[in-house]
file final_4.cif (mmCIF, C-alpha atoms; chains and numbers go by the auth columns)
data_query
#
loop_
_atom_site.group_PDB
_atom_site.id
_atom_site.type_symbol
_atom_site.label_atom_id
_atom_site.label_comp_id
_atom_site.label_asym_id
_atom_site.label_seq_id
_atom_site.Cartn_x
_atom_site.Cartn_y
_atom_site.Cartn_z
_atom_site.B_iso_or_equiv
_atom_site.auth_seq_id
_atom_site.auth_asym_id
ATOM 1 C CA MET A 1 35.531 17.728 15.230 0.00 1 A
ATOM 2 C CA ARG A 2 37.593 19.009 12.316 0.00 2 A
ATOM 3 C CA VAL A 3 41.021 17.423 11.960 0.00 3 A
ATOM 4 C CA TYR A 4 43.762 18.174 9.475 0.00 4 A
ATOM 5 C CA VAL A 5 45.570 15.152 8.051 0.00 5 A
ATOM 6 C CA PRO A 6 49.044 15.776 6.566 0.00 6 A
ATOM 7 C CA LEU A 7 49.808 13.939 3.334 0.00 7 A
ATOM 8 C CA THR A 8 51.842 14.100 0.150 0.00 8 A
ATOM 9 C CA LEU A 9 50.388 13.922 -3.352 0.00 9 A
ATOM 10 C CA PRO A 10 51.176 10.162 -3.553 0.00 10 A
ATOM 11 C CA GLY A 11 49.460 9.774 -0.164 0.00 11 A
ATOM 12 C CA LEU A 12 46.433 11.629 -1.485 0.00 12 A
ATOM 13 C CA ALA A 13 46.398 9.368 -4.547 0.00 13 A
ATOM 14 C CA GLU A 14 46.447 6.314 -2.270 0.00 14 A
ATOM 15 C CA ALA A 15 43.612 7.730 -0.158 0.00 15 A
ATOM 16 C CA HIS A 16 41.608 8.378 -3.320 0.00 16 A
ATOM 17 C CA ARG A 17 42.259 4.826 -4.550 0.00 17 A
ATOM 18 C CA THR A 18 41.308 3.153 -1.242 0.00 18 A
ATOM 19 C CA GLY A 19 38.670 5.630 -0.103 0.00 19 A
ATOM 20 C CA GLN A 20 40.312 6.114 3.263 0.00 20 A
ATOM 21 C CA LEU A 21 42.978 8.116 5.026 0.00 21 A
ATOM 22 C CA GLY A 22 45.415 6.001 7.012 0.00 22 A
ATOM 23 C CA GLY A 23 45.380 2.311 7.685 0.00 23 A
ATOM 24 C CA GLY A 24 45.558 2.382 11.449 0.00 24 A
ATOM 25 C CA PRO A 25 46.514 4.826 14.128 0.00 25 A
ATOM 26 C CA SER A 26 47.708 8.006 12.461 0.00 26 A
ATOM 27 C CA THR A 27 48.599 11.574 13.279 0.00 27 A
ATOM 28 C CA ALA A 28 46.448 14.569 12.489 0.00 28 A
ATOM 29 C CA TYR A 29 46.115 18.097 13.847 0.00 29 A
ATOM 30 C CA ALA A 30 43.170 19.853 15.456 0.00 30 A
ATOM 31 C CA VAL A 31 42.267 22.666 17.817 0.00 31 A
ATOM 32 C CA THR A 32 43.439 21.108 21.085 0.00 32 A
ATOM 33 C CA PRO A 33 43.653 22.696 24.548 0.00 33 A
ATOM 34 C CA ALA A 34 47.445 22.965 24.136 0.00 34 A
ATOM 35 C CA LEU A 35 47.050 24.757 20.804 0.00 35 A
ATOM 36 C CA ARG A 36 44.477 27.134 22.323 0.00 36 A
ATOM 37 C CA GLU A 37 46.826 27.938 25.190 0.00 37 A
ATOM 38 C CA TRP A 38 49.808 28.467 22.889 0.00 38 A
ATOM 39 C CA TYR A 39 47.921 30.573 20.333 0.00 39 A
ATOM 40 C CA LEU A 40 46.078 32.717 22.918 0.00 40 A
ATOM 41 C CA SER A 41 43.011 33.275 20.776 0.00 41 A
ATOM 42 C CA ASP A 42 39.334 32.498 21.092 0.00 42 A
ATOM 43 C CA ASP A 43 38.725 33.006 17.379 0.00 43 A
ATOM 44 C CA ILE A 44 37.958 29.521 16.051 0.00 44 A
ATOM 45 C CA GLU A 45 38.973 30.451 12.494 0.00 45 A
ATOM 46 C CA GLU A 46 42.402 31.577 13.689 0.00 46 A
ATOM 47 C CA LEU A 47 42.786 28.421 15.761 0.00 47 A
ATOM 48 C CA GLU A 48 41.781 26.191 12.851 0.00 48 A
ATOM 49 C CA TYR A 49 44.269 28.007 10.627 0.00 49 A
ATOM 50 C CA ALA A 50 46.952 27.341 13.250 0.00 50 A
ATOM 51 C CA ALA A 51 46.038 23.616 13.247 0.00 51 A
ATOM 52 C CA LEU A 52 46.145 23.605 9.433 0.00 52 A
ATOM 53 C CA SER A 53 49.592 25.224 9.572 0.00 53 A
ATOM 54 C CA ARG A 54 50.811 22.537 11.983 0.00 54 A
ATOM 55 C CA ALA A 55 49.554 19.886 9.552 0.00 55 A
ATOM 56 C CA ALA A 56 51.328 21.653 6.670 0.00 56 A
ATOM 57 C CA LEU A 57 54.594 21.425 8.633 0.00 57 A
ATOM 58 C CA ALA A 58 53.949 17.712 9.196 0.00 58 A
ATOM 59 C CA SER A 59 53.336 17.337 5.452 0.00 59 A
ATOM 60 C CA LEU A 60 56.727 18.969 4.880 0.00 60 A
ATOM 61 C CA ARG A 61 58.259 16.293 7.136 0.00 61 A
ATOM 62 C CA LEU A 62 56.578 13.610 5.020 0.00 62 A
ATOM 63 C CA LEU A 63 58.062 15.205 1.902 0.00 63 A
ATOM 64 C CA ALA A 64 61.519 15.185 3.479 0.00 64 A
ATOM 65 C CA ALA A 65 61.128 11.437 4.031 0.00 65 A
ATOM 66 C CA ASP A 66 59.936 10.787 0.466 0.00 66 A
ATOM 67 C CA PRO A 67 62.288 12.390 -2.064 0.00 67 A
ATOM 68 C CA ALA A 68 60.269 10.985 -4.986 0.00 68 A
ATOM 69 C CA ALA A 69 57.066 12.821 -4.008 0.00 69 A
ATOM 70 C CA PRO A 70 56.237 16.075 -5.795 0.00 70 A
ATOM 71 C CA ARG A 71 57.336 18.981 -3.641 0.00 71 A
ATOM 72 C CA ARG A 72 53.863 20.196 -2.689 0.00 72 A
ATOM 73 C CA ARG A 73 52.432 20.042 0.819 0.00 73 A
ATOM 74 C CA VAL A 74 48.996 18.414 1.144 0.00 74 A
ATOM 75 C CA VAL A 75 46.537 18.617 4.033 0.00 75 A
ATOM 76 C CA VAL A 76 43.084 17.040 4.061 0.00 76 A
ATOM 77 C CA ALA A 77 40.470 18.631 6.336 0.00 77 A
ATOM 78 C CA VAL A 78 38.179 15.918 7.685 0.00 78 A
ATOM 79 C CA ASP A 79 35.236 15.966 10.059 0.00 79 A
ATOM 80 C CA VAL A 80 35.331 13.093 12.541 0.00 80 A
ATOM 81 C CA ALA A 81 33.354 12.176 15.634 0.00 81 A
ATOM 82 C CA ASP A 82 34.773 13.803 18.772 0.00 82 A
ATOM 83 C CA GLY A 83 35.899 10.433 20.151 0.00 83 A
ATOM 84 C CA ALA A 84 37.744 9.479 16.957 0.00 84 A
ATOM 85 C CA ALA A 85 40.662 11.835 17.679 0.00 85 A
ATOM 86 C CA SER A 86 42.516 12.064 20.963 0.00 86 A
ATOM 87 C CA ALA A 87 45.169 14.516 22.052 0.00 87 A
ATOM 88 C CA GLU A 88 48.260 12.928 23.535 0.00 88 A
ATOM 89 C CA PRO A 89 48.694 14.491 26.981 0.00 89 A
ATOM 90 C CA GLY A 90 52.412 13.722 27.217 0.00 90 A
ATOM 91 C CA LEU A 91 53.520 15.511 24.073 0.00 91 A
ATOM 92 C CA GLY A 92 55.040 18.358 26.014 0.00 92 A
ATOM 93 C CA PRO A 93 55.873 21.888 24.850 0.00 93 A
ATOM 94 C CA ASP A 94 57.463 20.885 21.524 0.00 94 A
ATOM 95 C CA PRO A 95 56.023 23.398 19.032 0.00 95 A
ATOM 96 C CA ALA A 96 55.898 20.728 16.326 0.00 96 A
ATOM 97 C CA SER A 97 53.453 18.696 18.416 0.00 97 A
ATOM 98 C CA LEU A 98 51.048 21.538 19.175 0.00 98 A
ATOM 99 C CA GLY A 99 47.590 20.537 18.012 0.00 99 A
ATOM 100 C CA GLU A 100 48.671 16.955 17.367 0.00 100 A
ATOM 101 C CA VAL A 101 45.996 14.294 17.774 0.00 101 A
ATOM 102 C CA ARG A 102 45.896 10.559 17.162 0.00 102 A
ATOM 103 C CA LEU A 103 43.251 9.019 14.961 0.00 103 A
ATOM 104 C CA ALA A 104 42.528 5.515 16.235 0.00 104 A
ATOM 105 C CA GLY A 105 41.844 4.066 12.807 0.00 105 A
ATOM 106 C CA PRO A 106 41.309 4.904 9.178 0.00 106 A
ATOM 107 C CA VAL A 107 38.979 7.735 8.216 0.00 107 A
ATOM 108 C CA ARG A 108 36.792 7.572 5.145 0.00 108 A
ATOM 109 C CA LEU A 109 37.869 10.069 2.525 0.00 109 A
ATOM 110 C CA ALA A 110 34.162 10.740 1.956 0.00 110 A
ATOM 111 C CA LYS A 111 34.223 12.575 5.324 0.00 111 A
ATOM 112 C CA ALA A 112 36.696 15.111 3.948 0.00 112 A
ATOM 113 C CA ALA A 113 35.520 18.692 3.817 0.00 113 A
ATOM 114 C CA ALA A 114 38.360 20.009 1.660 0.00 114 A
ATOM 115 C CA VAL A 115 41.898 19.449 0.452 0.00 115 A
ATOM 116 C CA HIS A 116 44.626 22.067 0.843 0.00 116 A
ATOM 117 C CA VAL A 117 47.612 21.871 -1.526 0.00 117 A
ATOM 118 C CA ASP A 118 50.533 24.099 -2.449 0.00 118 A
ATOM 119 C CA ALA A 119 50.405 25.819 -5.810 0.00 119 A
ATOM 120 C CA GLU A 120 52.971 24.656 -8.352 0.00 120 A
ATOM 121 C CA ASP A 121 54.946 27.875 -7.895 0.00 121 A
ATOM 122 C CA ALA A 122 55.698 26.853 -4.290 0.00 122 A
ATOM 123 C CA GLU A 123 57.585 23.712 -5.302 0.00 123 A
ATOM 124 C CA GLU A 124 61.062 25.248 -5.277 0.00 124 A
ATOM 125 C CA ASP A 125 60.633 26.764 -1.807 0.00 125 A
ATOM 126 C CA VAL A 126 58.977 23.593 -0.474 0.00 126 A
ATOM 127 C CA ALA A 127 61.816 21.455 -1.843 0.00 127 A
ATOM 128 C CA ALA A 128 64.392 23.695 -0.181 0.00 128 A
ATOM 129 C CA ALA A 129 62.443 23.615 3.084 0.00 129 A
ATOM 130 C CA ALA A 130 62.229 19.821 3.037 0.00 130 A
ATOM 131 C CA ARG A 131 66.016 19.646 2.607 0.00 131 A
ATOM 132 C CA ALA A 132 66.556 22.138 5.462 0.00 132 A
ATOM 133 C CA LEU A 133 64.207 20.537 8.013 0.00 133 A
ATOM 134 C CA ASP A 134 66.815 18.504 9.903 0.00 134 A
ATOM 135 C CA ALA A 135 69.217 21.399 10.208 0.00 135 A
ATOM 136 C CA ALA A 136 66.393 23.702 11.337 0.00 136 A
ATOM 137 C CA ALA A 137 65.346 21.171 13.979 0.00 137 A
ATOM 138 C CA ASN A 138 68.934 21.224 15.254 0.00 138 A
ATOM 139 C CA GLY A 139 68.863 24.993 15.749 0.00 139 A
ATOM 140 C CA ASP A 140 70.347 26.245 12.477 0.00 140 A
ATOM 141 C CA ASP A 141 68.823 29.713 12.040 0.00 141 A
ATOM 142 C CA ASP A 142 69.596 29.871 8.318 0.00 142 A
ATOM 143 C CA ALA A 143 67.858 26.535 7.776 0.00 143 A
ATOM 144 C CA GLN A 144 64.874 27.741 9.817 0.00 144 A
ATOM 145 C CA PHE A 145 64.661 30.761 7.529 0.00 145 A
ATOM 146 C CA VAL A 146 64.445 28.376 4.548 0.00 146 A
ATOM 147 C CA VAL A 147 61.717 26.319 6.271 0.00 147 A
ATOM 148 C CA ASP A 148 59.814 29.515 7.036 0.00 148 A
ATOM 149 C CA GLY A 149 60.023 30.364 3.331 0.00 149 A
ATOM 150 C CA ALA A 150 57.714 27.439 2.552 0.00 150 A
ATOM 151 C CA GLU A 151 55.266 28.731 5.127 0.00 151 A
ATOM 152 C CA ASP A 152 55.087 31.991 3.185 0.00 152 A
ATOM 153 C CA HIS A 153 53.086 30.074 0.567 0.00 153 A
ATOM 154 C CA GLU A 154 49.412 29.741 1.404 0.00 154 A
ATOM 155 C CA LEU A 155 47.910 26.339 0.749 0.00 155 A
ATOM 156 C CA LEU A 156 45.177 26.505 -1.874 0.00 156 A
ATOM 157 C CA TRP A 157 41.695 25.192 -1.100 0.00 157 A
ATOM 158 C CA PHE A 158 40.205 22.449 -3.275 0.00 158 A
ATOM 159 C CA ALA A 159 36.872 20.678 -3.093 0.00 159 A
ATOM 160 C CA THR A 160 37.101 16.912 -2.684 0.00 160 A
ATOM 161 C CA GLN A 161 35.642 16.525 -6.186 0.00 161 A
ATOM 162 C CA GLU A 162 38.888 18.064 -7.480 0.00 162 A
ATOM 163 C CA ILE A 163 41.122 15.314 -6.071 0.00 163 A
ATOM 164 C CA PRO A 164 41.348 13.438 -9.405 0.00 164 A
ATOM 165 C CA GLN A 165 42.773 16.544 -11.064 0.00 165 A
ATOM 166 C CA LEU A 166 45.234 17.101 -8.204 0.00 166 A
ATOM 167 C CA ILE A 167 46.667 13.601 -8.435 0.00 167 A
ATOM 168 C CA ALA A 168 46.676 13.327 -12.234 0.00 168 A
#

call {"tool": "encode", "arguments": {"input": "final_4.cif", "output": "structure tokens"}}
result
Amino acid sequence: MRVYVPLTLPGLAEAHRTGQLGGGPSTAYAVTPALREWYLSDDIEELEYAALSRAALASLRLLAADPAAPRRRVVVAVDVADGAASAEPGLGPDPASLGEVRLAGPVRLAKAAAVHVDAEDAEEDVAAAARALDAAANGDDDAQFVVDGAEDHELLWFATQEIPQLIA
């Protein structure tokens, strides 16, 4: 099963240093039944892109909580055994939780298929979106527009061998 783990660049540096993502139960995103139902598509590529987008939003939340982190969203795509990730049945219809899964323990970074990171030119929009997240969550339409502005930036694809250059 492919899961998408939201991080920040410091989080990616820590994963590179330790060789693992997470130290215990952690949140990731995947193609879950709830995501399939919400997205109304049978195209696996579209569904995986939707899961990646959910993880990018979670990365934005991590950035909002860490003002010292560079303003670039990071998502690591990792292949795990089907039993290693479980969807939480009680998450409800909250759009932010669509596709959310729990990883029971750490995942070896060596299992990563790719890393997705914002380009440097997205930093200004990502910074603004991180500042606007709380207001957007409280229904502020202008703030939601700012958050959506970060989503206009496509995450770039990097091979895992490129992680040292990303965190340098």

call {"tool": "residues_near_point", "arguments": {"input": "final_4.cif", "point": "(48.9, 16.8, -11.9)", "cutoff": "10 Å", "atoms": "only C-alpha atoms", "output": "list in words"}}
result
Leu9, Pro70, Glu120, Ile163, Pro164, Gln165, Leu166, Ile167 and Ala168 of chain A

call {"tool": "resolve_selection", "arguments": {"input": "final_4.cif", "expression": "the PyMOL selection byres ((chain A and resi 85) around 10)", "output": "list in words"}}
result
Met1, Arg2, Val3, Pro25, Ser26, Thr27, Ala28, Tyr29, Ala30, Val80, Ala81, Asp82, Gly83, Ala84, Ser86, Ala87, Glu88, Glu100, Val101, Arg102, Leu103, Ala104 and Gly105 of chain A

call {"tool": "atom_distance", "arguments": {"input": "final_4.cif", "atom1": "atom CA of Leu156 of chain A", "atom2": "atom CA of Val115 of chain A"}}
result
8.1 Å

call {"tool": "atom_distance", "arguments": {"input": "final_4.cif", "atom1": "atom CA of Arg72 of chain A", "atom2": "atom CA of Gly22 of chain A"}}
result
19.2 Å

call {"tool": "resolve_selection", "arguments": {"input": "final_4.cif", "expression": "the PyMOL selection byres ((chain A and resi 64) around 9)", "output": "list in words"}}
result
Ser59, Leu60, Arg61, Leu62, Leu63, Ala65, Asp66, Pro67, Ala127, Ala129, Ala130, Arg131, Ala132, Leu133 and Asp134 of chain A

call {"tool": "resolve_selection", "arguments": {"input": "final_4.cif", "expression": "the PyMOL selection byres ((chain A and resi 16) around 12)", "output": "PyMOL selection string"}}
result
chain A and resi 7+9-15+17-22+76+107-110+112+115+160-168

call {"tool": "atom_distance", "arguments": {"input": "final_4.cif", "atom1": "atom CA of Val78 of chain A", "atom2": "atom CA of Val126 of chain A"}}
result
23.6 Å

call {"tool": "closest_atom_pairs", "arguments": {"input": "final_4.cif", "of": "segment 107-137 of chain A", "to": "segment 42-56 of chain A", "cutoff": "10 Å", "atoms": "all atoms listed in the file", "output": "tab-separated table"}}
result
residue	atom	partner	partner_atom	distance
A:His116	CA	A:Leu52	CA	8.9
A:Val117	CA	A:Ala56	CA	9.0
A:Asp118	CA	A:Ala56	CA	9.5

call {"tool": "write_last_selection", "arguments": {"input": "final_4.cif", "atoms": "C-alpha atoms", "output": "PDB file, keeping the file's coordinate frame"}}
result
ATOM      1  CA  HIS A 116      44.626  22.067   0.843  1.00  0.00           C
ATOM      2  CA  VAL A 117      47.612  21.871  -1.526  1.00  0.00           C
ATOM      3  CA  ASP A 118      50.533  24.099  -2.449  1.00  0.00           C
TER       4      ASP A 118
END

call {"tool": "closest_residue", "arguments": {"input": "final_4.cif", "among": "A:Ala137, A:Val147, A:Ala122, A:Ala77", "to": "Leu57 of chain A", "atoms": "all atoms listed in the file"}}
result
A:Val147

call {"tool": "closest_residue", "arguments": {"input": "final_4.cif", "among": "A:Pro106, A:Thr32, A:Ala150, A:Ala58", "to": "Thr8 of chain A", "atoms": "all atoms listed in the file"}}
result
A:Ala58

call {"tool": "closest_residue", "arguments": {"input": "final_4.cif", "among": "A:Leu40, A:Asn138, A:Ala119, A:Phe145", "to": "Val74 of chain A", "atoms": "all atoms listed in the file"}}
result
A:Ala119
